[in-house]
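Asker: See my_file-v1.cif below, with mmCIF, C-alpha atoms.
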data_input
loop_
_atom_site.label_atom_id
_atom_site.label_comp_id
_atom_site.auth_asym_id
_atom_site.auth_seq_id
_atom_site.Cartn_x
_atom_site.Cartn_y
_atom_site.Cartn_z
CA MET A 1 -31.60 -52.60 -56.35
CA ALA A 2 -34.42 -50.29 -55.60
CA ASN A 3 -33.19 -46.84 -54.65
CA SER A 4 -36.08 -45.97 -52.42
CA PHE A 5 -37.92 -47.49 -49.48
CA THR A 6 -40.98 -46.93 -47.33
CA CYS A 7 -40.79 -44.82 -44.22
CA ASN A 8 -43.48 -44.67 -41.54
CA ILE A 9 -43.36 -42.23 -38.66
CA VAL A 10 -46.03 -42.80 -36.04
CA SER A 11 -46.56 -41.38 -32.57
CA ALA A 12 -48.91 -42.73 -29.92
CA GLU A 13 -51.53 -40.16 -30.88
CA ALA A 14 -51.34 -40.10 -34.66
CA SER A 15 -49.64 -41.20 -37.84
CA ILE A 16 -47.21 -38.39 -38.71
CA PHE A 17 -45.69 -39.46 -42.00
CA SER A 18 -45.86 -42.35 -44.39
CA GLY A 19 -44.29 -42.40 -47.81
CA THR A 20 -41.55 -43.50 -50.18
CA VAL A 21 -38.19 -41.90 -49.49
CA GLU A 22 -34.56 -42.18 -50.52
CA GLN A 23 -32.86 -41.55 -47.20
CA VAL A 24 -33.74 -41.09 -43.53
CA ILE A 25 -31.46 -39.32 -41.08
CA ALA A 26 -32.26 -39.67 -37.39
CA SER A 27 -30.48 -39.12 -34.08
CA GLY A 28 -29.95 -42.43 -32.36
CA VAL A 29 -28.75 -42.67 -28.79
CA MET A 30 -25.29 -43.52 -30.11
CA GLY A 31 -25.14 -40.74 -32.66
CA ASP A 32 -26.82 -39.60 -35.84
CA LEU A 33 -27.39 -42.21 -38.47
CA GLY A 34 -28.43 -42.09 -42.08
CA VAL A 35 -30.35 -44.96 -43.59
CA LEU A 36 -30.19 -45.79 -47.28
CA PRO A 37 -32.14 -48.50 -49.12
CA GLY A 38 -30.96 -52.04 -48.39
CA HIS A 39 -29.70 -51.27 -44.90
CA ALA A 40 -29.15 -54.25 -42.61
CA PRO A 41 -31.93 -54.84 -40.06
CA LEU A 42 -31.37 -52.51 -37.15
CA LEU A 43 -33.18 -51.55 -33.99
CA THR A 44 -32.22 -48.41 -32.13
CA GLU A 45 -33.50 -46.08 -29.52
CA LEU A 46 -33.82 -42.46 -30.62
CA GLN A 47 -32.91 -39.43 -28.59
CA PRO A 48 -34.85 -36.18 -28.81
CA GLY A 49 -33.95 -34.51 -32.06
CA PRO A 50 -34.66 -34.00 -35.71
CA VAL A 51 -35.55 -36.70 -38.21
CA ARG A 52 -34.87 -35.79 -41.81
CA VAL A 53 -36.42 -37.66 -44.68
CA ILE A 54 -35.12 -37.10 -48.20
CA TYR A 55 -37.41 -37.88 -51.12
CA ASP A 56 -36.44 -39.02 -54.59
CA GLY A 57 -34.93 -36.00 -56.29
CA GLY A 58 -33.51 -34.35 -53.17
CA ALA A 59 -36.52 -32.59 -51.68
CA GLU A 60 -36.59 -33.15 -47.95
CA GLU A 61 -38.78 -32.76 -44.93
CA ASN A 62 -37.93 -32.35 -41.24
CA PHE A 63 -39.67 -33.85 -38.24
CA TYR A 64 -39.02 -33.49 -34.58
CA VAL A 65 -39.29 -36.42 -32.18
CA THR A 66 -38.91 -36.46 -28.39
CA GLY A 67 -37.46 -39.94 -28.40
CA GLY A 68 -38.69 -43.37 -29.36
CA PHE A 69 -37.51 -46.29 -31.45
CA MET A 70 -36.44 -46.83 -35.02
CA GLU A 71 -36.69 -50.17 -36.75
CA VAL A 72 -34.83 -50.60 -40.01
CA GLN A 73 -35.63 -53.38 -42.45
CA PRO A 74 -34.05 -53.46 -45.90
CA ASP A 75 -37.11 -51.95 -47.54
CA VAL A 76 -39.01 -50.32 -44.71
CA VAL A 77 -38.13 -47.97 -41.87
CA THR A 78 -40.51 -47.58 -38.95
CA ILE A 79 -40.09 -44.80 -36.42
CA LEU A 80 -42.12 -45.24 -33.25
CA ALA A 81 -41.92 -41.77 -31.79
CA ASP A 82 -42.95 -40.87 -28.24
CA ALA A 83 -44.22 -37.57 -29.61
CA ALA A 84 -43.54 -36.22 -33.07
CA SER A 85 -44.29 -33.04 -34.93
CA ARG A 86 -43.39 -31.46 -38.23
CA ALA A 87 -40.35 -29.29 -37.67
CA SER A 88 -41.99 -26.30 -39.34
CA ASP A 89 -44.56 -26.28 -36.53
CA LEU A 90 -41.87 -25.76 -33.91
CA ASN A 91 -41.64 -22.38 -32.27
CA GLU A 92 -38.10 -21.14 -31.66
CA ALA A 93 -39.06 -18.64 -28.96
CA ALA A 94 -40.96 -21.27 -26.99
CA ALA A 95 -38.08 -23.74 -27.30
CA GLU A 96 -35.55 -21.12 -26.14
CA GLU A 97 -37.76 -20.27 -23.18
CA ALA A 98 -38.06 -23.94 -22.27
CA ARG A 99 -34.27 -24.24 -22.44
CA GLN A 100 -33.78 -21.24 -20.14
CA GLN A 101 -36.30 -22.58 -17.70
CA ALA A 102 -34.75 -26.03 -17.65
CA LEU A 103 -31.29 -24.49 -17.16
CA LYS A 104 -32.59 -22.37 -14.30
CA ALA A 105 -34.20 -25.35 -12.63
CA PHE A 106 -30.97 -27.28 -13.16
CA ASN A 107 -28.80 -24.62 -11.51
CA ASP A 108 -31.21 -23.76 -8.75
CA LYS A 109 -29.87 -26.08 -6.07
CA SER A 110 -32.02 -24.72 -3.27
CA SER A 111 -35.26 -25.83 -4.82
CA GLU A 112 -36.33 -29.40 -4.42
CA LEU A 113 -36.06 -30.74 -7.88
CA ASP A 114 -35.89 -33.87 -9.79
CA TYR A 115 -32.56 -33.79 -11.63
CA THR A 116 -33.40 -36.50 -14.10
CA ARG A 117 -36.53 -34.68 -15.14
CA ALA A 118 -34.76 -31.36 -15.47
CA ALA A 119 -32.03 -33.01 -17.53
CA ALA A 120 -34.61 -34.60 -19.81
CA GLU A 121 -36.39 -31.28 -20.27
CA LEU A 122 -33.10 -29.57 -21.07
CA ALA A 123 -32.16 -32.23 -23.60
CA GLU A 124 -35.54 -31.86 -25.24
CA ALA A 125 -35.34 -28.08 -25.48
CA VAL A 126 -31.81 -28.26 -26.92
CA ALA A 127 -32.96 -30.86 -29.44
CA GLN A 128 -35.84 -28.66 -30.54
CA LEU A 129 -33.48 -25.74 -31.02
CA ARG A 130 -31.12 -27.96 -33.00
CA THR A 131 -33.97 -28.95 -35.32
CA ILE A 132 -34.99 -25.34 -35.85
CA GLN A 133 -31.43 -24.24 -36.53
CA GLN A 134 -30.96 -27.00 -39.04
CA LEU A 135 -34.14 -25.91 -40.77
CA ARG A 136 -32.97 -22.29 -40.73
CA LYS A 137 -29.51 -23.13 -42.13
CA LYS A 138 -31.06 -24.97 -45.01
CA ALA A 139 -33.47 -22.13 -45.72
CA GLY A 140 -30.53 -19.70 -45.72
CA LYS A 141 -28.66 -21.84 -48.24
CA GLY A 142 -31.60 -22.32 -50.51
CA MET B 1 -111.44 -36.98 -11.12
CA ALA B 2 -108.81 -37.83 -8.47
CA ALA B 3 -107.49 -40.83 -10.43
CA ALA B 4 -107.19 -38.77 -13.62
CA LYS B 5 -105.14 -36.14 -11.83
CA GLU B 6 -102.77 -38.75 -10.41
CA ILE B 7 -102.23 -40.22 -13.83
CA ARG B 8 -101.52 -36.76 -15.24
CA THR B 9 -98.78 -36.16 -12.63
CA GLN B 10 -97.26 -39.53 -13.43
CA ILE B 11 -97.21 -38.73 -17.15
CA GLY B 12 -95.54 -35.41 -16.34
CA SER B 13 -92.77 -37.08 -14.34
CA ILE B 14 -92.12 -39.70 -17.02
CA LYS B 15 -91.91 -36.92 -19.61
CA ASN B 16 -89.22 -35.23 -17.50
CA THR B 17 -87.24 -38.46 -17.27
CA GLN B 18 -87.59 -38.89 -21.02
CA LYS B 19 -86.13 -35.43 -21.58
CA ILE B 20 -83.12 -36.34 -19.46
CA THR B 21 -82.50 -39.67 -21.18
CA SER B 22 -82.83 -38.18 -24.66
CA ALA B 23 -80.36 -35.42 -23.71
CA MET B 24 -77.95 -38.07 -22.41
CA GLU B 25 -78.37 -39.99 -25.65
CA MET B 26 -77.34 -36.98 -27.69
CA VAL B 27 -74.38 -36.22 -25.40
CA ALA B 28 -73.22 -39.84 -25.66
CA ALA B 29 -73.57 -39.74 -29.46
CA SER B 30 -71.29 -36.73 -29.75
CA LYS B 31 -68.80 -38.15 -27.24
CA MET B 32 -68.80 -41.44 -29.10
CA ARG B 33 -67.62 -39.70 -32.24
CA LYS B 34 -64.71 -38.15 -30.34
CA ALA B 35 -63.87 -41.44 -28.63
CA GLN B 36 -63.88 -43.21 -32.00
CA ASP B 37 -61.52 -40.58 -33.44
CA LEU B 38 -59.18 -41.15 -30.50
CA MET B 39 -59.35 -44.88 -31.05
CA ARG B 40 -58.57 -44.53 -34.74
CA ALA B 41 -55.72 -42.07 -34.09
CA SER B 42 -53.91 -44.52 -31.82
CA GLN B 43 -54.26 -47.46 -34.17
CA PRO B 44 -51.27 -46.76 -36.48
CA TYR B 45 -48.83 -46.78 -33.56
CA ALA B 46 -50.29 -49.94 -32.07
CA LYS B 47 -50.16 -51.63 -35.48
CA GLN B 48 -46.59 -50.58 -36.26
CA ILE B 49 -45.22 -51.55 -32.86
CA ARG B 50 -47.01 -54.88 -33.25
CA ASN B 51 -45.25 -55.37 -36.58
CA VAL B 52 -41.88 -54.53 -35.05
CA VAL B 53 -42.41 -56.91 -32.14
CA GLY B 54 -43.59 -59.49 -34.66
CA HIS B 55 -40.32 -59.06 -36.58
CA ILE B 56 -38.38 -59.56 -33.36
CA ALA B 57 -40.32 -62.75 -32.73
CA ASP B 58 -39.48 -63.89 -36.27
CA ALA B 59 -35.82 -63.08 -35.93
CA ASN B 60 -33.29 -65.23 -34.20
CA PRO B 61 -32.09 -62.76 -31.59
CA GLU B 62 -28.84 -63.01 -29.64
CA TYR B 63 -30.78 -62.20 -26.49
CA THR B 64 -34.19 -63.64 -25.75
CA HIS B 65 -36.21 -61.41 -23.53
CA ASP B 66 -38.02 -62.82 -20.53
CA TYR B 67 -41.33 -61.58 -21.95
CA MET B 68 -41.02 -63.88 -24.95
CA VAL B 69 -40.45 -67.07 -23.00
CA GLU B 70 -43.42 -69.22 -22.02
CA ARG B 71 -43.11 -70.26 -18.37
CA SER B 72 -43.50 -73.96 -17.74
CA GLU B 73 -45.61 -73.62 -14.62
CA VAL B 74 -48.34 -71.04 -14.10
CA LYS B 75 -48.82 -70.32 -10.41
CA ARG B 76 -50.33 -66.86 -10.58
CA VAL B 77 -52.08 -64.92 -13.33
CA GLY B 78 -52.63 -61.19 -13.54
CA TYR B 79 -55.52 -59.39 -15.16
CA ILE B 80 -55.66 -55.75 -16.18
CA VAL B 81 -59.39 -55.04 -16.21
CA VAL B 82 -60.48 -52.02 -18.23
CA SER B 83 -63.90 -50.72 -17.18
CA THR B 84 -65.79 -47.45 -17.34
CA ASP B 85 -65.84 -44.77 -14.66
CA ARG B 86 -69.58 -44.17 -14.85
CA GLY B 87 -72.65 -46.30 -15.05
CA LEU B 88 -75.80 -46.03 -17.17
CA CYS B 89 -74.18 -47.81 -20.07
CA GLY B 90 -76.30 -50.94 -20.23
CA GLY B 91 -74.71 -54.30 -19.56
CA LEU B 92 -71.27 -53.23 -20.77
CA ASN B 93 -69.37 -53.66 -17.50
CA HIS B 94 -71.47 -56.56 -16.34
CA ASN B 95 -70.77 -58.58 -19.48
CA LEU B 96 -67.07 -57.78 -19.14
CA PHE B 97 -66.91 -59.00 -15.54
CA LYS B 98 -68.82 -62.15 -16.51
CA ALA B 99 -66.24 -62.91 -19.22
CA LEU B 100 -63.45 -62.24 -16.73
CA LEU B 101 -64.91 -64.50 -14.06
CA LYS B 102 -65.36 -67.30 -16.57
CA GLN B 103 -61.66 -67.15 -17.44
CA ALA B 104 -60.64 -66.69 -13.83
CA SER B 105 -62.57 -69.73 -12.64
CA GLU B 106 -60.84 -71.86 -15.29
CA TRP B 107 -57.47 -70.79 -13.92
CA LYS B 108 -58.67 -71.43 -10.41
CA LYS B 109 -59.49 -75.01 -11.37
CA GLN B 110 -55.89 -75.41 -12.48
CA GLY B 111 -54.76 -74.12 -9.11
CA ALA B 112 -53.49 -70.70 -10.17
CA GLU B 113 -53.94 -67.67 -7.95
CA GLN B 114 -55.08 -64.37 -9.41
CA ASP B 115 -54.11 -60.73 -9.12
CA PHE B 116 -56.19 -57.93 -10.57
CA CYS B 117 -55.48 -54.41 -11.73
CA ALA B 118 -58.59 -52.26 -12.06
CA LEU B 119 -58.71 -49.40 -14.55
CA GLY B 120 -61.89 -47.38 -14.10
CA ALA B 121 -64.10 -46.84 -11.05
CA LYS B 122 -66.57 -49.61 -11.90
CA ALA B 123 -63.88 -52.30 -11.79
CA SER B 124 -62.68 -51.07 -8.37
CA THR B 125 -66.22 -51.26 -7.03
CA PHE B 126 -66.67 -54.70 -8.53
CA PHE B 127 -63.54 -56.09 -6.87
CA ARG B 128 -64.52 -54.56 -3.54
CA ASN B 129 -67.67 -56.70 -3.65
CA TYR B 130 -66.17 -59.75 -5.36
CA GLY B 131 -63.12 -59.76 -3.10
CA GLY B 132 -60.35 -60.53 -5.57
CA ASN B 133 -56.77 -59.62 -4.82
CA LEU B 134 -56.61 -56.08 -6.17
CA VAL B 135 -52.99 -54.94 -6.54
CA ALA B 136 -53.45 -51.70 -8.50
CA ALA B 137 -56.34 -49.41 -9.31
CA LYS B 138 -56.72 -46.27 -11.32
CA SER B 139 -59.89 -44.36 -12.03
CA GLY B 140 -60.90 -41.00 -13.42
CA LEU B 141 -59.11 -41.45 -16.73
CA GLY B 142 -61.64 -39.20 -18.38
CA GLU B 143 -62.67 -39.05 -22.01
CA ALA B 144 -59.15 -38.50 -23.35
CA PRO B 145 -56.98 -41.01 -21.48
CA THR B 146 -53.22 -40.54 -21.73
CA VAL B 147 -50.47 -43.12 -21.72
CA GLU B 148 -48.91 -41.26 -18.75
CA GLY B 149 -52.01 -41.91 -16.67
CA LEU B 150 -51.71 -45.65 -17.22
CA ILE B 151 -47.97 -46.16 -16.77
CA GLY B 152 -48.16 -46.48 -12.97
CA SER B 153 -50.69 -49.32 -12.92
CA ILE B 154 -49.00 -51.13 -15.81
CA LYS B 155 -45.66 -50.88 -14.04
CA VAL B 156 -47.05 -52.59 -10.94
CA MET B 157 -48.12 -55.56 -13.06
CA LEU B 158 -44.92 -55.71 -15.12
CA GLU B 159 -42.75 -55.59 -11.98
CA ALA B 160 -44.77 -58.45 -10.53
CA TYR B 161 -44.13 -60.35 -13.77
CA ASP B 162 -40.40 -59.53 -13.72
CA GLU B 163 -40.07 -60.73 -10.15
CA GLY B 164 -41.88 -63.95 -10.95
CA ARG B 165 -44.94 -63.19 -8.85
CA LEU B 166 -47.04 -63.40 -12.01
CA ASP B 167 -46.54 -65.95 -14.76
CA ARG B 168 -49.13 -64.66 -17.15
CA LEU B 169 -50.73 -61.30 -17.80
CA TYR B 170 -54.04 -60.63 -19.50
CA VAL B 171 -55.87 -57.49 -20.46
CA VAL B 172 -59.68 -57.59 -20.28
CA HIS B 173 -61.63 -54.98 -22.19
CA ASN B 174 -64.56 -54.43 -24.53
CA GLU B 175 -63.94 -54.66 -28.24
CA PHE B 176 -65.70 -52.11 -30.42
CA VAL B 177 -67.38 -54.14 -33.17
CA ASN B 178 -69.84 -51.43 -34.17
CA THR B 179 -72.14 -48.96 -32.48
CA MET B 180 -74.67 -51.65 -31.64
CA THR B 181 -72.25 -54.39 -30.60
CA GLN B 182 -69.49 -54.44 -28.03
CA LYS B 183 -67.76 -57.69 -27.27
CA PRO B 184 -65.83 -58.43 -24.07
CA VAL B 185 -62.41 -59.92 -24.82
CA VAL B 186 -59.65 -61.38 -22.68
CA ARG B 187 -56.31 -60.99 -24.44
CA GLN B 188 -52.96 -62.39 -23.37
CA LEU B 189 -50.25 -59.75 -22.99
CA LEU B 190 -47.45 -61.75 -21.42
CA PRO B 191 -45.69 -63.87 -22.31
CA LEU B 192 -45.94 -62.61 -25.86
CA SER B 193 -47.72 -65.37 -27.69
CA PRO B 194 -45.54 -67.08 -30.31
CA ASP B 195 -48.11 -66.42 -33.02
CA ILE B 196 -47.67 -62.66 -32.71
CA GLY B 197 -45.18 -62.95 -35.56
CA ALA B 198 -47.74 -64.77 -37.65
CA ASP B 199 -50.37 -62.21 -36.70
CA ALA B 200 -48.19 -59.38 -37.89
CA GLU B 201 -47.37 -61.19 -41.11
CA GLN B 202 -50.96 -61.23 -42.22
CA ASP B 203 -50.96 -57.50 -42.81
CA ASP B 204 -47.29 -57.12 -43.48
CA GLU B 205 -45.77 -58.50 -46.63
CA ASN B 206 -42.25 -57.61 -45.44
CA ALA B 207 -42.14 -60.31 -42.79
CA ARG B 208 -39.71 -63.10 -43.51
CA PRO B 209 -39.16 -65.61 -40.74
CA GLY B 210 -35.66 -66.93 -40.63
CA SER B 211 -32.35 -66.93 -38.92
CA TRP B 212 -31.41 -63.27 -39.24
CA ASP B 213 -30.88 -60.84 -36.41
CA TYR B 214 -30.96 -57.11 -35.90
CA LEU B 215 -28.07 -54.79 -35.21
CA TYR B 216 -28.87 -53.25 -31.86
CA GLU B 217 -28.02 -49.80 -30.60
CA PRO B 218 -27.18 -49.50 -27.73
CA ASP B 219 -27.44 -53.21 -26.86
CA ALA B 220 -30.07 -55.86 -27.25
CA LYS B 221 -31.04 -56.16 -23.60
CA ALA B 222 -31.55 -52.46 -22.88
CA LEU B 223 -33.33 -51.94 -26.16
CA LEU B 224 -35.72 -54.88 -25.90
CA ASP B 225 -36.44 -54.03 -22.26
CA SER B 226 -37.72 -50.59 -23.11
CA LEU B 227 -39.31 -51.56 -26.45
CA LEU B 228 -41.37 -54.39 -24.97
CA VAL B 229 -42.50 -52.25 -22.04
CA ARG B 230 -43.54 -49.63 -24.59
CA PHE B 231 -45.37 -52.32 -26.53
CA ILE B 232 -47.35 -53.44 -23.48
CA GLU B 233 -48.16 -49.82 -22.65
CA SER B 234 -49.42 -49.20 -26.15
CA GLN B 235 -51.56 -52.36 -26.06
CA VAL B 236 -53.16 -51.33 -22.76
CA TYR B 237 -53.64 -47.76 -23.97
CA GLN B 238 -55.32 -49.09 -27.11
CA ALA B 239 -57.59 -51.24 -24.90
CA VAL B 240 -58.51 -48.22 -22.79
CA VAL B 241 -59.42 -45.96 -25.71
CA GLU B 242 -61.35 -48.77 -27.36
CA ASN B 243 -63.25 -49.35 -24.14
CA GLY B 244 -63.96 -45.60 -24.03
CA ALA B 245 -65.59 -45.76 -27.45
CA CYS B 246 -67.57 -48.83 -26.32
CA GLU B 247 -68.74 -46.98 -23.22
CA GLN B 248 -70.19 -44.08 -25.18
CA ALA B 249 -71.79 -46.36 -27.77
CA ALA B 250 -73.34 -48.55 -25.08
CA ARG B 251 -74.60 -45.50 -23.20
CA MET B 252 -76.10 -44.08 -26.37
CA ILE B 253 -77.98 -47.33 -27.04
CA ALA B 254 -79.08 -47.68 -23.39
CA MET B 255 -80.38 -44.11 -23.33
CA LYS B 256 -82.10 -44.52 -26.66
CA SER B 257 -84.02 -47.55 -25.44
CA ALA B 258 -84.81 -45.75 -22.17
CA THR B 259 -86.26 -42.85 -24.17
CA ASP B 260 -88.28 -45.25 -26.33
CA ASN B 261 -89.57 -47.12 -23.27
CA ALA B 262 -90.62 -43.84 -21.64
CA GLY B 263 -92.55 -43.00 -24.83
CA GLY B 264 -94.35 -46.36 -24.67
CA LEU B 265 -95.17 -45.85 -21.00
CA ILE B 266 -96.58 -42.39 -21.72
CA ASP B 267 -98.80 -43.77 -24.51
CA ASP B 268 -100.19 -46.45 -22.19
CA LEU B 269 -100.82 -43.97 -19.39
CA GLU B 270 -102.51 -41.54 -21.74
CA MET B 271 -104.88 -44.31 -22.78
CA VAL B 272 -105.71 -45.04 -19.14
CA TYR B 273 -106.11 -41.31 -18.47
CA ASN B 274 -108.54 -40.83 -21.37
CA LYS B 275 -110.58 -43.81 -20.25
CA ALA B 276 -110.80 -42.43 -16.71
CA ARG B 277 -111.82 -39.00 -18.04
CA GLN B 278 -114.45 -40.53 -20.34
CA ALA B 279 -115.83 -42.65 -17.50
CA ALA B 280 -116.13 -39.58 -15.28
CA ILE B 281 -118.02 -37.63 -18.01
CA THR B 282 -120.35 -40.54 -18.70
CA GLN B 283 -121.09 -40.87 -15.04
CA GLU B 284 -121.89 -37.14 -14.73
CA ILE B 285 -124.25 -37.26 -17.71
CA SER B 286 -126.07 -40.30 -16.38
CA GLU B 287 -126.38 -38.58 -12.99
CA ILE B 288 -127.86 -35.46 -14.64
CA VAL B 289 -130.24 -37.53 -16.78
CA GLY B 290 -131.24 -39.59 -13.74
CA GLY B 291 -131.81 -36.39 -11.77
CA ALA B 292 -133.95 -34.84 -14.54
CA ALA B 293 -136.07 -38.01 -14.84
CA ALA B 294 -136.72 -37.97 -11.10
CA VAL B 295 -138.03 -34.37 -11.19
#
Starting from the coordinates I provided, produce the structure as structure tokens.
Answerer:
Amino acid sequence: MANSFTCNIVSAEASIFSGTVEQVIASGVMGDLGVLPGHAPLLTELQPGPVRVIYDGGAEENFYVTGGFMEVQPDVVTILADAASRASDLNEAAAEEARQQALKAFNDKSSELDYTRAAAELAEAVAQLRTIQQLRKKAGKG
Amino acid sequence: MAAAKEIRTQIGSIKNTQKITSAMEMVAASKMRKAQDLMRASQPYAKQIRNVVGHIADANPEYTHDYMVERSEVKRVGYIVVSTDRGLCGGLNHNLFKALLKQASEWKKQGAEQDFCALGAKASTFFRNYGGNLVAAKSGLGEAPTVEGLIGSIKVMLEAYDEGRLDRLYVVHNEFVNTMTQKPVVRQLLPLSPDIGADAEQDDENARPGSWDYLYEPDAKALLDSLLVRFIESQVYQAVVENGACEQAARMIAMKSATDNAGGLIDDLEMVYNKARQAAITQEISEIVGGAAAV
């Protein structure tokens, strides 16, 4: 059996990544999942968070998506991201600020606010931080 | 010399118009490049989501979504009409509305009512005059339309479909063939045509129709609901950006021919002006000669 498969990551504005990989790790709405070659067909919604692709030979790359869908076929994985960016482009300070702001909006009961939106913003900021921390941890190890 | 002076003023005013049209041509040319980039950038997503939906159509799913089922009786059809916000782009909008009306009259013959959703100011104006049943309108999308800007209008149409007020949904827009040619097309969005799977297969060697099914997370209904809505949104967005590229191309061509026509008009008028000037000189000479002979 082939030990690699094709992975495409596209967002509405651009094609982010396309290539042959060994494993894809993404955060689905029901938890993180890793996909290896020959996986059964699967459709899942993604939650905001990191997507890791691992190439032949162990090198890997991180992406950040704000949600979307993942389709798994035995020899191709397609990620339809709402918005995606390379994790190395993320800015930790900006993400932390967004988290603080979302938290503030969430706790500030006097202001007229849309809870669902605040919750979504908070989840997004936390997911960005998670991606950055994962990237940092790996850099520390290596 | 009064006639000559008049002609000179006319030439001056045409030259001014020519300057404006040639400036507009250049602006449209540069905007067209940007609009084409936008169109190209959104193509991978539209293609991939089409493939995925094609796979779903090929599969034998545990849950068949309402969007994939052909309704036996068509009582009402909906059209999402994508037009431009501004004019001066040749027959682009006019051709589009003609194609729409042709389709619409066919449905009318079969006794189906029609609802329209107008994207772009020109479509709103058109329906105000034509008097169709306009249920949603959105204009001022600008040169870089966003999916967010379209969601509202799309939702109105999808809700109507969900509630059974519409049995079919079309999107009407211009297809960008090349800079010189834009073709109005009427494409069916809902129900998803059964050949979408076959369509996707043509450029996807991984397709394999059969009796398999996906694993779904969280569950099939919730997932297909949001995926198919996303698919429709991406198709409409693609139509809007493509129409944007068409608009700029059509405007560029229209302005180019306006500039050329102004040049032709100026040449003609200059000829008339020279003749008038020559006639005046000849007349003066003959008057002088006549005067001298009389002395």
Asker: Once the PyMOL selection byres ((chain B) within 9 of (chain A)) has been applied to the shown file, what residues remain in the selection, as a ChimeraX atom specification?
Answerer: /B:38,40-46,48-49,52,147,206,212-220,223,226-227,234
Asker: Report, in Å with one decimal, the straight-line distance from CA of Cys117 in chain B to CA of Val69 in chain B.
Answerer: 22.7 Å
Asker: For CA of Gly120 in chain B and CA of Gln238 in chain B, determine how far apart the two atoms are, in Å to one decimal place.
Answerer: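 Distance between the two atoms: 14.7 Å.
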Asker: List the spatial neighbours of range 161-163 of chain B as a CSV table (one decimal) with C-alpha atoms, keeping the file's coordinate frame - criterion: any atom at most 10 Å away, all atoms listed in the file, same-chain residues fewer than 4 positions off excluded.
Answerer:
chain,number,residue,atom,x,y,z
B,66,ASP,CA,-38.0,-62.8,-20.5
B,67,TYR,CA,-41.3,-61.6,-22.0
B,76,ARG,CA,-50.3,-66.9,-10.6
B,77,VAL,CA,-52.1,-64.9,-13.3
B,78,GLY,CA,-52.6,-61.2,-13.5
B,155,LYS,CA,-45.7,-50.9,-14.0
B,156,VAL,CA,-47.0,-52.6,-10.9
B,157,MET,CA,-48.1,-55.6,-13.1
B,167,ASP,CA,-46.5,-66.0,-14.8
B,168,ARG,CA,-49.1,-64.7,-17.2
B,169,LEU,CA,-50.7,-61.3,-17.8
B,190,LEU,CA,-47.4,-61.8,-21.4
B,191,PRO,CA,-45.7,-63.9,-22.3
Asker: If we count all atoms listed in the file and set the cut-off at 9 Å, which residues sit around Thr20 in chain A, ignoring sequence neighbours fewer than 6 positions away in its own chain? Please answer as a list in words.
Answerer: Ser4, Phe5, Thr6, Cys7, Asn8, Tyr55 and Asp56 of chain A
